[in-house]
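Notes for the one structure printed next.
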Amino acid sequence: MAASVATIRSSVQKYKILSESEIRAIYRNAEQSLKEEGELTAATVNNLRQVCLVLSYGTNFIGLPEELLQSIVKLLCGSWTPSNTQPVGGRANPLIQHAAVMLSSSIVQALVDTGIEEPISPTVNPKSQNTSALLATVFAMGRKDGRLSKLVAQMVQWISTVGFEYKVQSSALQYLVHTANLYRDLVSEDQVFVISSQFSDWLTDTSVEQTPNPSLKQKNRKPEMVTEIDGGDCDDFFTILSLSQYYSPDQLMNIHTFSALRSWLQATFMKDLASLENGGQGSTELSSKSVKKFSKKAKQALLDKACEYCLRVLDQCSRRPTRAHDADLIHACATESILTLDLLCMLDPTLLQKLFPAIKTFHSSITEGSSTSYPRAALAALQFFINYSENVVFNAQPALDDFFDNVVTLRFSDPFFAFDVVAFLQDNLEKLCHKTFILERFFPSLLKILAWNPRTFLTDYLDILPAMTSQTTAIEIFHTLLDLPCTTAALELRKRRDLLQANPNLGDLKPDWVKSANALRKPENKPWFNFILRSRGGQGDTVNKLHVLHSLLSSMCTHTRVLYTAEAALVLLRVFFNTVHENADYDLMTHLLPIIIERTALVYGIHGYSKEVHSILGEELLEVFRRHPALIVDQQRELLECLSTPKNMEGRETIFIQLVWIIGEYSSMSHDQRCTTELIQKYYETLEALFYETAMTLQASGDGITTTSVELVVTMMSTLAKLASQCQFLIPRVILCLTKVSQQMGRSSKVTSDERAIILNRATQYVNLLKFPDIAGVILSPPPDILSGYLHKDTHSSSVLLMRAAARLVE
């Protein structure tokens with residue numbers, strides 16, 4: 001795969017740098033090939049492909065020669081005639097002919113995109129074999145020169161005229177729906193009436209007889225009936241789930257019509273309804289009373305027949321297919337039918353009483369016994385319940401619980417299913433957040449989707465994560481986000497175990513898989529894996545002996561998916577804290593703070609991951625105390641317990657620096673009246689002991705002192721000085737402590753000259769400042785509102801005098 005992508009990139013790059021002479025040579029070869037060849041060949045296709053690549057990726061645009069352009073347009077229109085031969089169509093290889101037509105269409109579209117002066121107007125002939133490619137070409141040209149508007153009228157005539165080939169009508173129907181979606185004003189109200197009437201006819205006025213085998217010439221053979229999906233005789237009108245060996249044109253149009261039905265309803269009636277609700281007038285011709293009357297009848301007829309058709313499809317979906325591969329067809333048709341019925345209820349609320357029981361019954365049948373056979377259909381039914389459960393007084397919570405507990409847990413690795421679930425969450429985020437417990441109850445299951453697809457859905461989870469976070473789930477979500485790479489690693493191990501069970505020979509090729517799978521099977525390891533792979537929240541914030549889980553998953557630290565998940569987890573951690581800061585109350589923060597400090601020592605061992613986590617948590621600790629300075633009093637025991645043991649500092653010096661700074665900054669009565677002398681003294685005793693021990697450890701260390709170590713020493717000096725400024729009887733001890741430690745480190749050979757200068761200068765400044773306690777208190781522990789700037793504006797303030805005095809002291 002990687003090799004093919006590289007090949008494509010190199011090819012594209014080659015066409016970007018072609019010179020003018022090389023481009024003209026490519027044009028000449030293509031023109032000569034179309035002119036001299038007796039029929040379309042592989043060489044012709046190759047030459048056309050090169051022309052297409054030049055126009056699509058070349059940086060030097062050179063217009064096509066007139067003769068080559070006309071040949072390409074004729075080839076697209078089906079009127080190309082090579083020299084001395086009949087028109088193409090009989091002898092050419094069908095695959096080569098189709099490739100040539102598609103390339104011709106791409107070339108014309110590329111020319112239109114370049115904005116050439118002379119418009120290209122390929123004539124759309126419904127009798128041409130290339131009608132679909134012609135329609136695609138004109139549609140790609142958009143509204144230029146009114147081509148598309150004229151073509152809409154032609155296509156409406158084709159689909160409403162009896163006798164046109166179904167291929168032409170199906171292509172016309174497809175592009176009419178596309179046009180209505182993109183350019184609603186180009187489809188007039190009377191055209192909507194005609195098209196809607198055709199939809200109604202094609203949906204229900206379809207034969208139920210099988211078409212005879214066209215290769216057999218037997219006449220007067222009794223026609224056979226189409227069958228149901230379970231092999232039984234058709235007992236109602238034809239639908240997309242009616243099976244036949246050979247389909248008639250009207251049956252094929254029935255299938256095309258159902259495929260386009262929801263898009264047509266969305267593009268026309270739903271857009272008009274939304275326009276009217278917003279104060280507009282819908283489409284441009286609603287002013288005509290006669291048109292309005294007929295349009296209303298056509299709309300109601302289509303809604304009724306679409307409703308009848310979809311209910312019939314749901315009834316067929318409840319039958320057991322005779323062929324295994326038909327289950328996918330049933331799944332797709334059931335999903336489309338429910339989504340269409342949902343749209344019908346929006347257009348006509350009176351249908352709700354009729355449709356809700358049918359969808360409820362179908363949902364019960366496909367989820368019976370915790371079945372996960374039709375997950376996308378079940379999701380469509382859940383969307384219907386969310387939209388209308390209040391109208392019919394229905395509690396959708398049990399259905400949602402079953403889906404997110406069972407189906408999501410088993411199907412999260414399916415990329416299509418995962419995309420649908422994430423889209424469902426995004427579309428219904430407000431309702432799920434405020435009217436159900438899904439996001440709070442099943443966030444571990446939902447986060448598995450992100451853990452398995454970290455690059456695909458990260459942007460979506462930036463919106464989903466805040467909705468998951470509440471007072472009751474915040475702590476558990478915090479643990480889950482930190483261990484999200486562990487979730488990915490555990491999922492990968494489980495995948496390996498399943499592959500080894502399905503193919504034991506893999507064990508010989510990948511012995512490391514066998515070792516990891518055995519770790520997953522051991523009974524003593526199951527509690528950790530069961531917890532990390534749980535589907536429900538509320539089973540405990542984290543698991544005991546988390547380091548054991550990290551060691552079991554250590555072999556997966558370099559796995560690509562695990563690394564991408566780690567990057568996503570870092571982004572989501574910031575989103576989590578932003579949400580907590582905005583919405584969490586003080587009680588939650590009192591519980592969260594000790595956990596933040598504890599988890600800094602328990603991080604999955606991905607290279608660089610611990611450092612990034614510490615950086616984020618360090619920043620968030622500062623923000624937590626800025627918003628809740630009272631934590632310095634209420635969480636004193638936890639803070640002292642962390643700081644009292646120097647061994648706790650190993651590997652998380654950044655966190656210690658932040659905690660030490662926080663104690664010095666917020667241990668003041670100006671932040672909390674409970675900051676008594678006794679409380680400050682307890683902090684001081686612990687930090688003084690830590691300061692001495694840290695200084696001795698650094699001097700005895702065999703390695704040189706790092707920048708982080710110097711930062712820690714300087715921060716401790718600052719905090720001790722701040723504490724002394726709050727309790728003046730501590731000043732002599734602080735002066736002695738700073739002088740002693742600075743002198744010891746100044747004589748140490750482990751300290752560089754620059755670091756020695758920093759430590760000595762900072763110690764001297766603090767010692768000189770503390771000799772004047774009144775000034776030290778104002779300078780080191782200013783009031784919290786100093787940032788408001790009033791001290792700089794108040795002419796009666798003595799701050800200027802104090803700053804000048806302090807400057808002289810520290811010099």
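Each chain in the structure tokens gets a letter, A, B, ..., in the order shown, and its residues are numbered from 1; ligands are numbered from 1 in order too.
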Excluding Thr409 of chain A and residues on its chain fewer than 6 positions from it, collect all residues at most 8 Å away from it, counting only C-alpha atoms, and give them as number ranges by chain. A: 445, 448, 535
Pull the strand (DSSP E or B) assignments for segment 92-245 of chain A out of DSSP run on the backbone, and list those residues as a ChimeraX atom specification. /A:209,225,227,233,243
Those selected residues, please, written with N, CA, C and O atoms and delivered as a compact mmCIF listing (two decimals), in the first residue's frame.
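Full text of again.txt as output:
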```txt
# COMPACT_ATOMS: atom_id res chain seq x y z
N GLU A 209 -43.35 -10.29 -12.23
CA GLU A 209 -42.95 -11.46 -13.01
C GLU A 209 -41.48 -11.35 -13.37
O GLU A 209 -40.97 -10.28 -13.67
N MET A 225 -42.79 -15.97 -11.05
CA MET A 225 -42.91 -14.81 -10.18
C MET A 225 -41.58 -14.56 -9.47
O MET A 225 -40.79 -15.48 -9.23
N THR A 227 -39.34 -13.77 -6.21
CA THR A 227 -39.45 -14.42 -4.89
C THR A 227 -39.11 -13.43 -3.78
O THR A 227 -38.48 -12.39 -4.01
N ASP A 233 -42.79 -17.35 -2.55
CA ASP A 233 -43.39 -16.57 -3.64
C ASP A 233 -43.70 -15.16 -3.16
O ASP A 233 -44.01 -14.91 -1.99
N LEU A 243 -36.50 -10.86 -5.24
CA LEU A 243 -35.36 -11.45 -5.94
C LEU A 243 -35.79 -12.10 -7.25
O LEU A 243 -36.87 -12.69 -7.36
```
Return the single residue from A:Val138, A:Leu355, A:Leu546, A:Leu563 that is closest to Phe531 of chain A, with distances computed using only C-alpha atoms.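 Ranked by minimum distance to Phe531 of chain A, first place goes to A:Leu546.
Taking atom CA of Lys222 of chain A and atom CA of Phe258 of chain A as the two end points, the separation is 28.8 Å.
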Interatomic distance between atom CA of Gln154 of chain A and atom CA of Lys296 of chain A? 23.6 Å
